[in-house]
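Please read the structure below before turning to the comments.
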Amino acid sequence: MAVIKKLKAVKIEQNHLLGIQDISFSQVSDILKQAKTFITLNKSSSKKMDILRGKTQINLFFEPSTRTQSSFELAGKRLGADVMSMNIVNSAIKKGETLIDTAMTLNAMHPDIIVIRHQDSGAPNLLSQKVNCAVINAGDGRREHPTQALLDALTIINRRGKIEGLRIAICGDILHSRVARSNIYLMNMLGAEVNVVAPKTLMPHSIERLGVKSFTDMKKGLDKCDIVMMLRLQNERMQGSFLPSAREYYEFFGLTPDKLKMAKKDALIMHPGPMNRGVEIDTNLADDINRSVIREQVELGVAIRMACLKIFCKKI
Amino acid sequence: MKEKYLINARIIDPKNNLDELGGLIIDSKGLIKAAGRKVSNGNLPSKVEKIDLKKQVLIPGIVDMRVFVGEPGYEYKENFRTLSNAALSGGVTSIVSMPNTSPAIDNVSMVDFLKRRGRDKSKINIYPTATLTKNTDGKQMTEFGLLKRKGIVAFTDGIKTVQDPQIMLRIMSFASQSNSLIIQHAQDNILSDGGLINEGEVSTRLGLKGIPSLAEKIIVERDLSLLEEYFCRYHISQISSGKTVSVIKKAKDEGKIFSTGVSINNLTLNENDIGDFKTFLKLSPPLRTENDRKTLVKAVNEGIIDVIVSDHKPEDEESKRLTFSQAATGASGVETLLPLALELFHNKSIKLMKLIEAITSNPAKILGVDKGTLQKGKDADLCIFDINKPWMVNKSELKSKSKNTPIENRKLQGQVTKTFIKGELAYEKI
């Protein structure tokens, strides 16, 4: 009797990096561990590896970005992948193509990784349902920016050895910030105590439900903090009715030496960039090599993105 | 037409506070001849046509006060024929159509078009509304008197709210002369600007701009204040938050006369159902918290909210397969209104009589139409359902042209088996 072999369709579960909310502690540990090995590599004279040789990485940036896009591009290239950055200005999206159609088109080119930044929260989630490659979120709306939070964590670990038990203040426009959200989830996951500081008009509804303490008095929010993370204040918020003026904002929510005194003596200053000097941060503090780790954040960003590309490119 | 005898049913007629085992006789003109326990097998002539309903429930045909039809302009989303089929399969025999078409229903000639299309293409009763303001721009009021004379049952800007209090005041003032019914979709534009879902923990987590419940409450409070000075027939289309319920309860206690509706979606779903950006649950008003949902359910049970609507808003797949902020707002639902509402009966949240009342006699009374009852002499528009029948919502089996149901794969209990329009069997579940 002929035996008919039934071939079962196996759905390959694809692993995506959509947000810190969607990954586990062990995945975070793997990424951080892996990234550490890339820090030294990035400082050596020969930076190229062939871990991702033959793999294709597409950067799909719907929003302008300098550091994140170049960081991802460099990360992919250093790992040996073929990296293509789509220029949205010239693409079919401007001709009215939907995100799903763009995704299907790109998918037909068999990429292994798509790195996406989009102005709409949830766009990477939608994309991940429609393609069969790994999707890495490089920032979606005001929802998440996971690699930024991971590189912030790596920077802190690099300086302080650990995150557990630290007190971290995130200050500024929390309402519109995906960096704030990803950092809240990640720093909580890694055992830090998180304070958020913002004027009431820029504080999201029910933010305490995310496991943070919220402050409108910056001095109280910075009290005994180990880390002070400043967020960029977008200028359009100033012209809107969120704030009376840049002057008023700087007076009460800008990071000045006077307010910084409330934090621990050796507290580190962080900023995801680009900075508005004199609006959210005193220009001398931003450049203080003993306190500010802003440039180090950019440097470690490449290592983190290399780690993410390597780990998420692998199909499990 | 031969006389029909529907026997062995549980007859529920909220208007006459009737809930008993019995039957119903449809006369040769399609009108109800008798209903209730007096119509039983024993005392009927033996040679007539009898339909044994096997203890199923017989209620007046459902009157759905908020339904969007695609005609004219959006025929690809829903036309009168597909709407009629969808409605009948859900036991809905009368619908109030929203005027947000292209062009909008804001003048007399459009009403003629609607009536003609409705008559030719559908079996159900279509009660059209017209806009409150020309092209729903919120500025120039429509011709209430002339439109009402043409057969418009109510005036509403549908998905829009009249924002300007001065214009609202004049609308109320002018419309009262023709005793026209004003229906308001309550949402302040500025407070809800750019908002996508309920403002709260979920909107913070998903990174979506929130719509505060204040945006609804403030319009309801404004309109109820205006109503004190400029009385007219006033109905709030569908509310979503517990805060608004408090405002309404207080106003009703003070003796103000108006009525309120709620969408079945806001009674059976909450913001958590949006999950991973499910665009089919992008609704207006938005789904709110579980506490809001519970408060709304309680308000229906206590009679603070008068009407349950399907808020049937067909949207084609293309306009839903987008990111959450780009996706269209609204969900289809006319055919699942009753089964979904029965969930609230089965889980003992709302009494059956109250539930039926909110979809039959109450809307009919508010609209001033001769429907929603099993009284002798009325049209035999009937809905018959098996109250316990379990089934699962399957998108592909829905009759509506658009399949944007918010309750795909939901397990429901209770299904419509037969629908009669003017004494004729118009739908039968096979």
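By order of appearance in the structure tokens: chains A, B, ..., then residues from 1 within every chain, and ligands from 1 in the order shown.
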
Problem set entry | Within 6 Å of chain A: residues of chain B, using only C-alpha atoms, as a ChimeraX atom specification | /B:200-201,206-207,323

Based on the selection just made, write C-alpha atoms of those residues as a PDB file, in the first residue's frame.
ATOM      1  CA  GLY B 200      -6.141  56.425  29.806  1.00  0.00           C
ATOM      2  CA  GLU B 201      -3.635  53.725  30.535  1.00  0.00           C
ATOM      3  CA  LEU B 206      -0.191  52.115  22.826  1.00  0.00           C
ATOM      4  CA  GLY B 207       1.120  55.613  22.242  1.00  0.00           C
ATOM      5  CA  THR B 323      -2.163  51.874  10.702  1.00  0.00           C
TER       6      THR B 323
END

I'd like the neighbourhood of Asp288 (chain A) as a JSON list (two decimals) with all heavy atoms, in the first residue's frame, where a residue qualifies if any of its atoms comes within 12 Å (using only C-alpha atoms), though same-chain residues fewer than 6 positions away should be ignored.
[["chain", "number", "residue", "atom", "x", "y", "z"],
["A", 257, "PRO", "N", 22.54, 73.46, 36.78],
["A", 257, "PRO", "CA", 23.40, 72.99, 37.89],
["A", 257, "PRO", "C", 22.66, 73.04, 39.22],
["A", 257, "PRO", "O", 22.80, 72.13, 40.05],
["A", 257, "PRO", "CB", 24.56, 73.99, 37.86],
["A", 257, "PRO", "CG", 24.61, 74.49, 36.46],
["A", 257, "PRO", "CD", 23.20, 74.51, 35.97],
["A", 266, "ASP", "N", 27.40, 62.08, 41.85],
["A", 266, "ASP", "CA", 28.00, 61.52, 40.64],
["A", 266, "ASP", "C", 26.95, 61.14, 39.59],
["A", 266, "ASP", "O", 27.20, 60.32, 38.72],
["A", 266, "ASP", "CB", 28.85, 60.30, 41.00],
["A", 266, "ASP", "CG", 28.01, 59.23, 41.70],
["A", 266, "ASP", "OD1", 26.85, 59.54, 42.08],
["A", 266, "ASP", "OD2", 28.49, 58.09, 41.85],
["A", 267, "ALA", "N", 25.77, 61.75, 39.71],
["A", 267, "ALA", "CA", 24.68, 61.38, 38.79],
["A", 267, "ALA", "C", 25.09, 61.65, 37.34],
["A", 267, "ALA", "O", 25.73, 62.65, 37.03],
["A", 267, "ALA", "CB", 23.42, 62.17, 39.13],
["A", 268, "LEU", "N", 24.70, 60.72, 36.46],
["A", 268, "LEU", "CA", 25.01, 60.86, 35.04],
["A", 268, "LEU", "C", 23.88, 61.57, 34.31],
["A", 268, "LEU", "O", 22.71, 61.41, 34.65],
["A", 268, "LEU", "CB", 25.22, 59.48, 34.40],
["A", 268, "LEU", "CG", 26.33, 58.60, 34.95],
["A", 268, "LEU", "CD1", 26.32, 57.25, 34.25],
["A", 268, "LEU", "CD2", 27.69, 59.28, 34.76],
["A", 269, "ILE", "N", 24.28, 62.35, 33.30],
["A", 269, "ILE", "CA", 23.28, 63.04, 32.49],
["A", 269, "ILE", "C", 23.19, 62.36, 31.13],
["A", 269, "ILE", "O", 24.21, 62.13, 30.47],
["A", 269, "ILE", "CB", 23.67, 64.52, 32.28],
["A", 269, "ILE", "CG1", 23.79, 65.23, 33.63],
["A", 269, "ILE", "CG2", 22.66, 65.23, 31.37],
["A", 269, "ILE", "CD1", 24.46, 66.58, 33.54],
["A", 270, "MET", "N", 21.95, 62.06, 30.72],
["A", 270, "MET", "CA", 21.77, 61.42, 29.42],
["A", 270, "MET", "C", 20.77, 62.22, 28.59],
["A", 270, "MET", "O", 19.93, 62.94, 29.13],
["A", 270, "MET", "CB", 21.25, 59.98, 29.61],
["A", 270, "MET", "CG", 22.14, 59.15, 30.50],
["A", 270, "MET", "SD", 21.52, 57.47, 30.76],
["A", 270, "MET", "CE", 22.00, 56.69, 29.24],
["A", 281, "ILE", "N", 18.26, 71.78, 28.57],
["A", 281, "ILE", "CA", 19.50, 71.47, 29.27],
["A", 281, "ILE", "C", 20.48, 72.65, 29.17],
["A", 281, "ILE", "O", 20.60, 73.29, 28.12],
["A", 281, "ILE", "CB", 20.12, 70.16, 28.72],
["A", 281, "ILE", "CG1", 21.31, 69.69, 29.57],
["A", 281, "ILE", "CG2", 20.52, 70.30, 27.26],
["A", 281, "ILE", "CD1", 21.68, 68.24, 29.32],
["A", 282, "ASP", "N", 21.14, 72.92, 30.27],
["A", 282, "ASP", "CA", 22.17, 73.94, 30.32],
["A", 282, "ASP", "C", 23.33, 73.49, 29.43],
["A", 282, "ASP", "O", 23.76, 72.34, 29.47],
["A", 282, "ASP", "CB", 22.63, 74.07, 31.78],
["A", 282, "ASP", "CG", 23.79, 75.03, 31.93],
["A", 282, "ASP", "OD1", 23.52, 76.23, 32.04],
["A", 282, "ASP", "OD2", 24.95, 74.56, 31.94],
["A", 294, "ILE", "N", 26.33, 61.73, 26.91],
["A", 294, "ILE", "CA", 25.53, 61.85, 25.70],
["A", 294, "ILE", "C", 26.25, 61.30, 24.47],
["A", 294, "ILE", "O", 25.66, 60.59, 23.66],
["A", 294, "ILE", "CB", 25.10, 63.33, 25.51],
["A", 294, "ILE", "CG1", 24.17, 63.73, 26.68],
["A", 294, "ILE", "CG2", 24.37, 63.53, 24.18],
["A", 294, "ILE", "CD1", 23.86, 65.20, 26.78],
["A", 295, "ARG", "N", 27.54, 61.59, 24.37],
["A", 295, "ARG", "CA", 28.27, 61.07, 23.20],
["A", 295, "ARG", "C", 28.49, 59.56, 23.28],
["A", 295, "ARG", "O", 28.46, 58.86, 22.29],
["A", 295, "ARG", "CB", 29.60, 61.81, 23.03],
["A", 295, "ARG", "CG", 29.47, 62.85, 21.91],
["A", 295, "ARG", "CD", 30.70, 63.70, 21.81],
["A", 295, "ARG", "NE", 30.81, 64.59, 22.97],
["A", 295, "ARG", "CZ", 31.89, 65.34, 23.22],
["A", 295, "ARG", "NH1", 32.93, 65.28, 22.42],
["A", 295, "ARG", "NH2", 31.91, 66.15, 24.25]]

For this session: Quick one: pull the distance between CA of Leu74 (chain A) and CA of Gly301 (chain A), Å, one decimal.
Result: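 Value for the CA of Leu74 (chain A)-CA of Gly301 (chain A) distance: 10.3 Å.
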
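Of the listed residues A:Leu17, A:Leu233, A:Val228, A:Ile113, the one whose atoms come nearest to Lys264 (chain A) is A:Val228, with distances taken using only C-alpha atoms.
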
For this session: Give me the residues within 9 Å of Glu221 (chain B) as a PyMOL selection string, counting only C-alpha atoms and dropping any in the same chain fewer than 3 places off.
Result: chain B and resi 216-218+224-226+244+247-248

For this session: Give the alpha helix (DSSP H) residues of region 163-225 of chain A, as assigned by DSSP on the backbone, as a ChimeraX atom specification.
Result: /A:178-189,218-222

Problem set entry | Near-Asn137 (chain A) list (8 Å; only C-alpha atoms; drop same-chain fewer than 5 positions) as a ChimeraX atom specification | /A:17-19,115-117,124,144-147

Problem set entry | Shortest interatomic distance to Val131 (chain A) - which of A:Glu280, A:Asp223, A:Asp112, A:Asp152, counting only C-alpha atoms |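 Using only C-alpha atoms, the shortest distance to Val131 (chain A) belongs to A:Asp112.
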
Exercise. Could you pull the residues within 9 Å of Pro165 (chain B), counting only C-alpha atoms, minus those fewer than 3 positions along the same chain, as a list in words?
Worked result: Val162, Met168, Leu169, Arg170, Arg222, Asp223 and Leu226 of chain B

Please write the residues from the selection above to a file, keeping N, CA, C and O atoms, as a PDB file, in the first residue's frame.
ATOM      1  N   VAL B 162     -22.559  69.375  16.368  1.00  0.00           N
ATOM      2  CA  VAL B 162     -22.640  70.823  16.169  1.00  0.00           C
ATOM      3  C   VAL B 162     -21.821  71.474  17.280  1.00  0.00           C
ATOM      4  O   VAL B 162     -22.146  71.358  18.460  1.00  0.00           O
ATOM      5  N   MET B 168     -26.245  75.786  17.774  1.00  0.00           N
ATOM      6  CA  MET B 168     -27.039  74.722  18.402  1.00  0.00           C
ATOM      7  C   MET B 168     -28.301  75.306  19.015  1.00  0.00           C
ATOM      8  O   MET B 168     -29.392  74.737  18.891  1.00  0.00           O
ATOM      9  N   LEU B 169     -28.130  76.437  19.667  1.00  0.00           N
ATOM     10  CA  LEU B 169     -29.265  77.113  20.286  1.00  0.00           C
ATOM     11  C   LEU B 169     -30.327  77.454  19.242  1.00  0.00           C
ATOM     12  O   LEU B 169     -31.519  77.218  19.438  1.00  0.00           O
ATOM     13  N   ARG B 170     -29.882  77.974  18.109  1.00  0.00           N
ATOM     14  CA  ARG B 170     -30.839  78.361  17.072  1.00  0.00           C
ATOM     15  C   ARG B 170     -31.494  77.144  16.436  1.00  0.00           C
ATOM     16  O   ARG B 170     -32.666  77.173  16.084  1.00  0.00           O
ATOM     17  N   ARG B 222     -23.711  70.955  27.872  1.00  0.00           N
ATOM     18  CA  ARG B 222     -24.057  72.169  27.130  1.00  0.00           C
ATOM     19  C   ARG B 222     -25.464  72.054  26.547  1.00  0.00           C
ATOM     20  O   ARG B 222     -26.310  72.926  26.745  1.00  0.00           O
ATOM     21  N   ASP B 223     -25.713  70.950  25.854  1.00  0.00           N
ATOM     22  CA  ASP B 223     -27.011  70.780  25.200  1.00  0.00           C
ATOM     23  C   ASP B 223     -28.152  70.733  26.209  1.00  0.00           C
ATOM     24  O   ASP B 223     -29.225  71.289  25.974  1.00  0.00           O
ATOM     25  N   LEU B 226     -28.875  74.190  27.234  1.00  0.00           N
ATOM     26  CA  LEU B 226     -29.613  74.889  26.176  1.00  0.00           C
ATOM     27  C   LEU B 226     -31.078  74.462  26.171  1.00  0.00           C
ATOM     28  O   LEU B 226     -31.985  75.267  25.966  1.00  0.00           O
TER      29      LEU B 226
END

Exercise. Skipping near chain neighbours, those fewer than 6 positions away, what residues fall within 9 Å of Ala331 (chain B) using only C-alpha atoms, listed as a ChimeraX atom specification?
Worked result: /B:265,280-283,310-315,403-406

Could you please take those selected residues and save all heavy atoms as a short mmCIF file (atom, residue, chain, number, x, y, z; two decimals), in the first residue's frame?
data_model
loop_
_atom_site.label_atom_id
_atom_site.label_comp_id
_atom_site.auth_asym_id
_atom_site.auth_seq_id
_atom_site.Cartn_x
_atom_site.Cartn_y
_atom_site.Cartn_z
N ASN B 265 -21.76 48.17 21.01
CA ASN B 265 -20.31 47.99 21.15
C ASN B 265 -19.82 48.48 22.51
O ASN B 265 -19.01 47.85 23.17
CB ASN B 265 -19.57 48.74 20.05
CG ASN B 265 -19.92 48.20 18.68
OD1 ASN B 265 -20.07 47.00 18.50
ND2 ASN B 265 -20.09 49.09 17.71
N PHE B 280 -10.47 47.32 13.71
CA PHE B 280 -11.92 47.08 13.66
C PHE B 280 -12.59 47.59 14.94
O PHE B 280 -13.80 47.71 14.99
CB PHE B 280 -12.22 45.59 13.47
CG PHE B 280 -12.03 45.11 12.06
CD1 PHE B 280 -11.07 45.67 11.24
CD2 PHE B 280 -12.82 44.10 11.54
CE1 PHE B 280 -10.89 45.25 9.93
CE2 PHE B 280 -12.66 43.66 10.22
CZ PHE B 280 -11.69 44.23 9.42
N LEU B 281 -11.79 47.87 15.96
CA LEU B 281 -12.36 48.39 17.19
C LEU B 281 -12.10 49.88 17.36
O LEU B 281 -12.24 50.43 18.45
CB LEU B 281 -11.82 47.62 18.39
CG LEU B 281 -12.49 46.25 18.54
CD1 LEU B 281 -11.73 45.18 17.81
CD2 LEU B 281 -12.70 45.89 19.97
N LYS B 282 -11.74 50.51 16.26
CA LYS B 282 -11.62 51.97 16.27
C LYS B 282 -13.01 52.54 16.04
O LYS B 282 -13.56 52.43 14.95
CB LYS B 282 -10.66 52.43 15.18
CG LYS B 282 -10.42 53.92 15.15
CD LYS B 282 -9.46 54.30 14.05
CE LYS B 282 -9.33 55.81 13.95
NZ LYS B 282 -8.48 56.18 12.80
N LEU B 283 -13.59 53.10 17.09
CA LEU B 283 -14.99 53.50 17.04
C LEU B 283 -15.17 54.93 17.54
O LEU B 283 -14.31 55.47 18.21
CB LEU B 283 -15.83 52.57 17.93
CG LEU B 283 -15.72 51.07 17.64
CD1 LEU B 283 -16.43 50.27 18.72
CD2 LEU B 283 -16.30 50.73 16.28
N SER B 310 -27.11 49.67 16.97
CA SER B 310 -25.98 48.87 16.48
C SER B 310 -24.83 49.77 16.07
O SER B 310 -23.69 49.35 16.04
CB SER B 310 -26.43 48.05 15.27
OG SER B 310 -26.62 48.88 14.14
N ASP B 311 -25.12 51.05 15.76
CA ASP B 311 -24.11 51.96 15.20
C ASP B 311 -23.41 51.28 14.02
O ASP B 311 -22.19 51.27 13.90
CB ASP B 311 -23.09 52.38 16.27
CG ASP B 311 -22.23 53.55 15.81
OD1 ASP B 311 -22.61 54.21 14.82
OD2 ASP B 311 -21.17 53.79 16.41
N HIS B 312 -24.25 50.70 13.17
CA HIS B 312 -23.77 49.93 12.01
C HIS B 312 -23.08 50.87 11.02
O HIS B 312 -23.71 51.68 10.38
CB HIS B 312 -24.96 49.24 11.36
CG HIS B 312 -24.63 48.47 10.12
ND1 HIS B 312 -23.99 47.27 10.14
CD2 HIS B 312 -24.88 48.74 8.81
CE1 HIS B 312 -23.85 46.82 8.91
NE2 HIS B 312 -24.38 47.69 8.07
N LYS B 313 -21.75 50.74 10.94
CA LYS B 313 -21.00 51.61 10.03
C LYS B 313 -20.08 50.76 9.16
O LYS B 313 -18.95 50.47 9.53
CB LYS B 313 -20.20 52.64 10.84
CG LYS B 313 -19.61 53.75 9.99
CD LYS B 313 -19.25 54.96 10.85
CE LYS B 313 -18.66 56.08 10.02
NZ LYS B 313 -17.32 55.77 9.51
N PRO B 314 -20.60 50.33 8.01
CA PRO B 314 -19.81 49.46 7.15
C PRO B 314 -18.60 50.18 6.58
O PRO B 314 -18.71 51.31 6.11
CB PRO B 314 -20.78 49.08 6.02
CG PRO B 314 -22.03 49.83 6.25
CD PRO B 314 -21.90 50.70 7.43
N GLU B 315 -17.46 49.53 6.68
CA GLU B 315 -16.22 50.08 6.10
C GLU B 315 -15.54 48.95 5.36
O GLU B 315 -15.42 47.85 5.87
CB GLU B 315 -15.30 50.62 7.20
CG GLU B 315 -15.80 51.87 7.90
CD GLU B 315 -15.84 53.10 7.01
OE1 GLU B 315 -15.22 53.09 5.92
OE2 GLU B 315 -16.51 54.09 7.40
N LYS B 403 -17.28 43.70 5.93
CA LYS B 403 -17.16 42.66 6.96
C LYS B 403 -16.43 43.15 8.19
O LYS B 403 -15.74 42.39 8.87
CB LYS B 403 -16.42 41.45 6.38
CG LYS B 403 -16.93 40.98 5.01
CD LYS B 403 -18.33 40.38 5.09
CE LYS B 403 -18.80 39.91 3.71
NZ LYS B 403 -20.23 39.59 3.70
N ASN B 404 -16.53 44.44 8.48
CA ASN B 404 -15.75 44.98 9.59
C ASN B 404 -16.44 44.78 10.93
O ASN B 404 -16.73 45.73 11.65
CB ASN B 404 -15.42 46.45 9.35
CG ASN B 404 -16.63 47.31 9.11
OD1 ASN B 404 -17.57 46.90 8.44
ND2 ASN B 404 -16.63 48.53 9.64
N THR B 405 -16.71 43.52 11.27
CA THR B 405 -17.32 43.25 12.57
C THR B 405 -16.27 43.33 13.67
O THR B 405 -15.16 42.84 13.50
CB THR B 405 -18.00 41.86 12.60
OG1 THR B 405 -18.35 41.57 13.95
CG2 THR B 405 -17.08 40.76 12.09
N PRO B 406 -16.62 43.94 14.80
CA PRO B 406 -15.66 44.02 15.90
C PRO B 406 -15.65 42.74 16.73
O PRO B 406 -14.89 42.63 17.68
CB PRO B 406 -16.18 45.20 16.72
CG PRO B 406 -17.65 45.22 16.48
CD PRO B 406 -17.87 44.68 15.09
#

Problem set entry | Selected residue, from B:Thr279, B:Thr373, B:Asn135, B:Ser402, that lies nearest to Leu58 (chain B) when counting only C-alpha atoms |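 Once distances to Leu58 (chain B) are computed over only C-alpha atoms, the minimum belongs to B:Thr373.
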